[in-house]
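Undergrad: structure_33.txt is the file, holding compact mmCIF, N, CA and C atoms:
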```
# COMPACT_ATOMS: atom_id res chain seq x y z
N MET A 78 160.15 109.49 149.01
CA MET A 78 160.10 109.65 147.58
C MET A 78 159.70 108.31 146.95
N ILE A 79 158.78 108.36 146.00
CA ILE A 79 158.36 107.16 145.27
C ILE A 79 159.20 107.05 144.00
N ARG A 80 159.80 105.88 143.82
CA ARG A 80 160.65 105.63 142.64
C ARG A 80 160.05 104.50 141.82
N GLU A 81 160.09 104.65 140.51
CA GLU A 81 159.59 103.62 139.61
C GLU A 81 160.69 102.63 139.27
N VAL A 82 160.31 101.35 139.17
CA VAL A 82 161.21 100.31 138.70
C VAL A 82 160.61 99.76 137.42
N ARG A 83 161.37 99.89 136.34
CA ARG A 83 160.89 99.45 135.02
C ARG A 83 161.70 98.27 134.52
N MET A 84 161.09 97.51 133.64
CA MET A 84 161.76 96.38 133.02
C MET A 84 162.96 96.89 132.22
N PRO A 85 164.15 96.38 132.53
CA PRO A 85 165.33 96.84 131.79
C PRO A 85 165.32 96.34 130.35
N ARG A 86 166.20 96.91 129.57
CA ARG A 86 166.36 96.49 128.17
C ARG A 86 166.84 95.05 128.16
N TYR A 87 166.26 94.24 127.31
CA TYR A 87 166.69 92.85 127.19
C TYR A 87 168.12 92.82 126.67
N PRO A 88 168.91 91.85 127.07
CA PRO A 88 170.25 91.73 126.46
C PRO A 88 170.12 91.56 124.94
N GLU A 89 171.00 92.23 124.19
CA GLU A 89 170.92 92.19 122.72
C GLU A 89 170.95 90.78 122.18
N CYS A 90 171.69 89.89 122.83
CA CYS A 90 171.83 88.53 122.30
C CYS A 90 170.49 87.79 122.27
N TRP A 91 169.51 88.18 123.08
CA TRP A 91 168.22 87.49 123.08
C TRP A 91 167.54 87.60 121.73
N ASP A 92 167.76 88.71 121.03
CA ASP A 92 167.12 88.92 119.73
C ASP A 92 167.80 88.14 118.61
N THR A 93 169.06 87.80 118.78
CA THR A 93 169.81 87.25 117.67
C THR A 93 170.20 85.79 117.81
N CYS A 94 170.39 85.29 119.01
CA CYS A 94 170.94 83.94 119.14
C CYS A 94 169.89 82.85 118.95
N GLY A 95 168.64 83.16 119.27
CA GLY A 95 167.59 82.18 119.09
C GLY A 95 167.51 81.14 120.17
N SER A 96 168.41 81.15 121.13
CA SER A 96 168.41 80.13 122.18
C SER A 96 167.40 80.41 123.27
N CYS A 97 167.48 81.59 123.86
CA CYS A 97 166.60 81.87 124.99
C CYS A 97 165.55 82.91 124.65
N GLY A 98 165.64 83.51 123.49
CA GLY A 98 164.76 84.61 123.17
C GLY A 98 163.51 84.25 122.40
N ASN A 99 163.30 82.94 122.07
CA ASN A 99 162.10 82.64 121.32
C ASN A 99 160.89 82.70 122.24
N GLY A 100 159.83 83.28 121.72
CA GLY A 100 158.60 83.36 122.49
C GLY A 100 158.56 84.59 123.37
N ALA A 101 157.45 84.73 124.05
CA ALA A 101 157.23 85.89 124.91
C ALA A 101 158.04 85.77 126.19
N VAL A 102 158.38 86.91 126.74
CA VAL A 102 159.01 86.96 128.05
C VAL A 102 157.87 87.15 129.05
N MET A 103 157.77 86.23 130.00
CA MET A 103 156.66 86.22 130.95
C MET A 103 157.18 86.41 132.37
N VAL A 104 156.33 86.93 133.24
CA VAL A 104 156.63 87.00 134.67
C VAL A 104 156.33 85.63 135.24
N GLU A 105 157.37 84.97 135.73
CA GLU A 105 157.19 83.63 136.32
C GLU A 105 156.82 83.74 137.80
N ILE A 106 157.57 84.57 138.54
CA ILE A 106 157.34 84.71 139.99
C ILE A 106 157.40 86.20 140.36
N VAL A 107 156.46 86.64 141.17
CA VAL A 107 156.52 87.97 141.79
C VAL A 107 156.96 87.73 143.22
N HIS A 108 158.10 88.28 143.58
CA HIS A 108 158.70 88.02 144.90
C HIS A 108 158.25 88.99 145.99
N VAL A 109 157.57 90.08 145.61
CA VAL A 109 157.22 91.13 146.58
C VAL A 109 155.75 91.48 146.49
N LYS A 110 155.27 92.14 147.54
CA LYS A 110 153.91 92.67 147.55
C LYS A 110 153.95 94.03 148.24
N PRO A 111 152.94 94.86 148.04
CA PRO A 111 152.93 96.16 148.69
C PRO A 111 153.12 96.02 150.21
N GLY A 112 153.96 96.90 150.74
CA GLY A 112 154.26 96.89 152.17
C GLY A 112 155.53 96.14 152.52
N ASP A 113 156.03 95.30 151.60
CA ASP A 113 157.28 94.57 151.86
C ASP A 113 158.45 95.53 151.88
N ARG A 114 159.36 95.29 152.79
CA ARG A 114 160.63 96.03 152.86
C ARG A 114 161.61 95.29 151.94
N ILE A 115 162.37 96.04 151.13
CA ILE A 115 163.29 95.42 150.19
C ILE A 115 164.62 96.16 150.20
N ARG A 116 165.68 95.41 150.00
CA ARG A 116 167.02 96.01 149.88
C ARG A 116 167.37 96.09 148.40
N ALA A 117 168.28 96.97 148.08
CA ALA A 117 168.77 97.07 146.70
C ALA A 117 169.36 95.72 146.31
N ASP A 118 169.14 95.31 145.09
CA ASP A 118 169.63 94.07 144.50
C ASP A 118 168.84 92.83 144.90
N GLU A 119 167.81 92.95 145.73
CA GLU A 119 166.93 91.81 145.98
C GLU A 119 165.98 91.66 144.81
N PRO A 120 165.63 90.41 144.43
CA PRO A 120 164.76 90.23 143.27
C PRO A 120 163.33 90.71 143.52
N LEU A 121 162.82 91.43 142.53
CA LEU A 121 161.41 91.83 142.52
C LEU A 121 160.57 90.76 141.83
N ILE A 122 161.06 90.33 140.65
CA ILE A 122 160.36 89.33 139.86
C ILE A 122 161.38 88.39 139.23
N THR A 123 160.89 87.23 138.81
CA THR A 123 161.68 86.31 138.00
C THR A 123 160.97 86.18 136.66
N LEU A 124 161.74 86.34 135.59
CA LEU A 124 161.21 86.21 134.23
C LEU A 124 161.44 84.80 133.73
N GLU A 125 160.59 84.39 132.79
CA GLU A 125 160.75 83.10 132.11
C GLU A 125 160.72 83.39 130.61
N THR A 126 161.75 82.93 129.91
CA THR A 126 161.82 83.18 128.47
C THR A 126 161.57 81.92 127.68
N GLY A 127 161.26 80.84 128.30
CA GLY A 127 161.10 79.56 127.63
C GLY A 127 162.27 78.66 127.91
N LYS A 128 163.46 79.22 127.96
CA LYS A 128 164.66 78.43 128.23
C LYS A 128 165.48 78.97 129.39
N VAL A 129 165.23 80.22 129.76
CA VAL A 129 166.06 80.87 130.78
C VAL A 129 165.15 81.56 131.79
N ALA A 130 165.48 81.43 133.07
CA ALA A 130 164.83 82.21 134.13
C ALA A 130 165.80 83.30 134.55
N LEU A 131 165.31 84.50 134.73
CA LEU A 131 166.17 85.64 135.02
C LEU A 131 165.51 86.50 136.09
N ASP A 132 166.24 86.76 137.19
CA ASP A 132 165.73 87.65 138.24
C ASP A 132 165.95 89.10 137.85
N ILE A 133 164.94 89.93 138.13
CA ILE A 133 165.05 91.37 137.95
C ILE A 133 165.10 91.97 139.35
N PRO A 134 166.26 92.54 139.74
CA PRO A 134 166.41 93.06 141.10
C PRO A 134 165.90 94.50 141.24
N SER A 135 165.68 94.87 142.47
CA SER A 135 165.32 96.25 142.77
C SER A 135 166.59 97.10 142.76
N PRO A 136 166.56 98.25 142.11
CA PRO A 136 167.71 99.14 142.18
C PRO A 136 167.70 100.00 143.45
N TYR A 137 166.61 99.91 144.22
CA TYR A 137 166.44 100.76 145.40
C TYR A 137 166.20 99.95 146.66
N GLU A 138 166.55 100.54 147.78
CA GLU A 138 166.15 100.03 149.09
C GLU A 138 164.95 100.83 149.54
N GLY A 139 163.98 100.16 150.13
CA GLY A 139 162.81 100.88 150.61
C GLY A 139 161.65 99.95 150.85
N THR A 140 160.44 100.50 150.72
CA THR A 140 159.21 99.74 150.92
C THR A 140 158.44 99.69 149.60
N ILE A 141 157.98 98.50 149.24
CA ILE A 141 157.22 98.34 148.01
C ILE A 141 155.89 99.09 148.17
N ALA A 142 155.65 100.06 147.31
CA ALA A 142 154.40 100.82 147.35
C ALA A 142 153.34 100.14 146.49
N ASP A 143 153.74 99.62 145.32
CA ASP A 143 152.78 98.99 144.43
C ASP A 143 153.51 98.02 143.52
N VAL A 144 152.84 96.96 143.14
CA VAL A 144 153.35 95.98 142.18
C VAL A 144 152.40 96.00 140.99
N LEU A 145 152.94 96.19 139.80
CA LEU A 145 152.10 96.42 138.63
C LEU A 145 152.16 95.30 137.60
N VAL A 146 152.73 94.17 137.97
CA VAL A 146 152.76 92.99 137.10
C VAL A 146 152.29 91.79 137.92
N GLY A 147 151.86 90.76 137.21
CA GLY A 147 151.40 89.55 137.88
C GLY A 147 152.02 88.31 137.28
N GLU A 148 152.02 87.25 138.03
CA GLU A 148 152.58 85.98 137.56
C GLU A 148 151.79 85.49 136.35
N GLY A 149 152.53 85.01 135.36
CA GLY A 149 151.93 84.51 134.14
C GLY A 149 151.66 85.56 133.08
N GLU A 150 151.93 86.82 133.39
CA GLU A 150 151.69 87.90 132.44
C GLU A 150 152.92 88.15 131.58
N PRO A 151 152.72 88.53 130.32
CA PRO A 151 153.86 88.94 129.50
C PRO A 151 154.39 90.28 130.00
N ILE A 152 155.66 90.57 129.72
CA ILE A 152 156.26 91.83 130.14
C ILE A 152 157.13 92.36 129.01
N ALA A 153 157.14 93.67 128.85
CA ALA A 153 157.87 94.31 127.77
C ALA A 153 158.94 95.24 128.33
N GLU A 154 159.92 95.52 127.49
CA GLU A 154 160.97 96.46 127.85
C GLU A 154 160.36 97.79 128.27
N ALA A 155 160.85 98.36 129.36
CA ALA A 155 160.43 99.65 129.93
C ALA A 155 159.07 99.61 130.62
N GLN A 156 158.44 98.45 130.70
CA GLN A 156 157.17 98.35 131.41
C GLN A 156 157.40 98.56 132.90
N LEU A 157 156.48 99.25 133.54
CA LEU A 157 156.56 99.52 134.98
C LEU A 157 156.31 98.24 135.76
N ILE A 158 157.27 97.85 136.59
CA ILE A 158 157.17 96.63 137.39
C ILE A 158 156.58 96.94 138.77
N ALA A 159 157.16 97.96 139.42
CA ALA A 159 156.76 98.27 140.79
C ALA A 159 157.17 99.70 141.11
N THR A 160 156.62 100.19 142.22
CA THR A 160 157.09 101.47 142.76
C THR A 160 157.62 101.19 144.16
N VAL A 161 158.70 101.90 144.52
CA VAL A 161 159.36 101.72 145.80
C VAL A 161 159.44 103.05 146.51
N GLU A 162 159.00 103.08 147.76
CA GLU A 162 159.13 104.30 148.57
C GLU A 162 160.50 104.26 149.24
N THR A 163 161.31 105.25 148.94
CA THR A 163 162.65 105.33 149.51
C THR A 163 162.73 106.52 150.45
N GLY A 164 163.81 106.55 151.21
CA GLY A 164 164.00 107.75 151.94
C GLY A 164 164.15 107.69 153.37
```
With the file now loaded, output its structure as structure tokens.
TA:
Amino acid sequence: MIREVRMPRYPECWDTCGSCGNGAVMVEIVHVKPGDRIRADEPLITLETGKVALDIPSPYEGTIADVLVGEGEPIAEAQLIATVETG
């Protein structure tokens, strides 16, 4: 089964505190490529917000089928990050 991994909702405080939320949220590092085996909770990507780096983990164990973001690209809430073949 192919499962989609999407960018989670940003923490609410990013919009209001002004500390880490100024500017675009960018993909700093892509940790996986198609064909890689991954366990649940391993990082798929690392985000950069200007002041904070944040890992986005895989919610699934399986094999990376496709990666749909690249390093240096902006990323938005609910954007498709990758697909994982589970099962």
Undergrad: If you run DSSP on the backbone, which residues of chain A are alpha helix (DSSP H), as a PyMOL selection string?
TA: chain A and resi 90-93
Undergrad: Could you tell me how far CA of Glu81 (chain A) lies from CA of Ala155 (chain A), in Å and to one decimal?
TA: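 CA of Ala155 (chain A) lies 10.5 Å from CA of Glu81 (chain A).
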Undergrad: Considering only C-alpha atoms, can you say which of A:Met84, A:Met78, A:Leu157, A:Gly139 comes closest to Arg116 (chain A)?
TA: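 So, comparing all the options, the nearest one is A:Gly139.
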Undergrad: Looking at A:Ile122, A:Val82, A:Val102, A:Ala153, which one is nearest to Pro136 (chain A), with distances taken over only C-alpha atoms?
TA: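 With only C-alpha atoms as the atom set, the closest residue is A:Val82.
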Undergrad: Need the shell around Thr140 (chain A): protein/DNA/RNA residues with any atom at most 6 Å away, counting only N, CA and C atoms. Skip same-chain ones fewer than 3 positions apart. Format as JSON, numbers by chain?
TA: {"A": [112, 113, 114, 115, 160, 161, 162, 163]}
Undergrad: Just checking: using only N, CA and C atoms, which residue out of A:Gln156, A:Ala117, A:His108, A:Thr126 ends up closest to Glu138 (chain A)?
TA: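 Checking each of A:Gln156, A:Ala117, A:His108, A:Thr126 against Glu138 (chain A), counting only N, CA and C atoms, the winner is A:Ala117.
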Undergrad: Quick one: pull the distance between CA of Arg86 (chain A) and CA of Ile158 (chain A), Å, one decimal.
TA: 13.0 Å
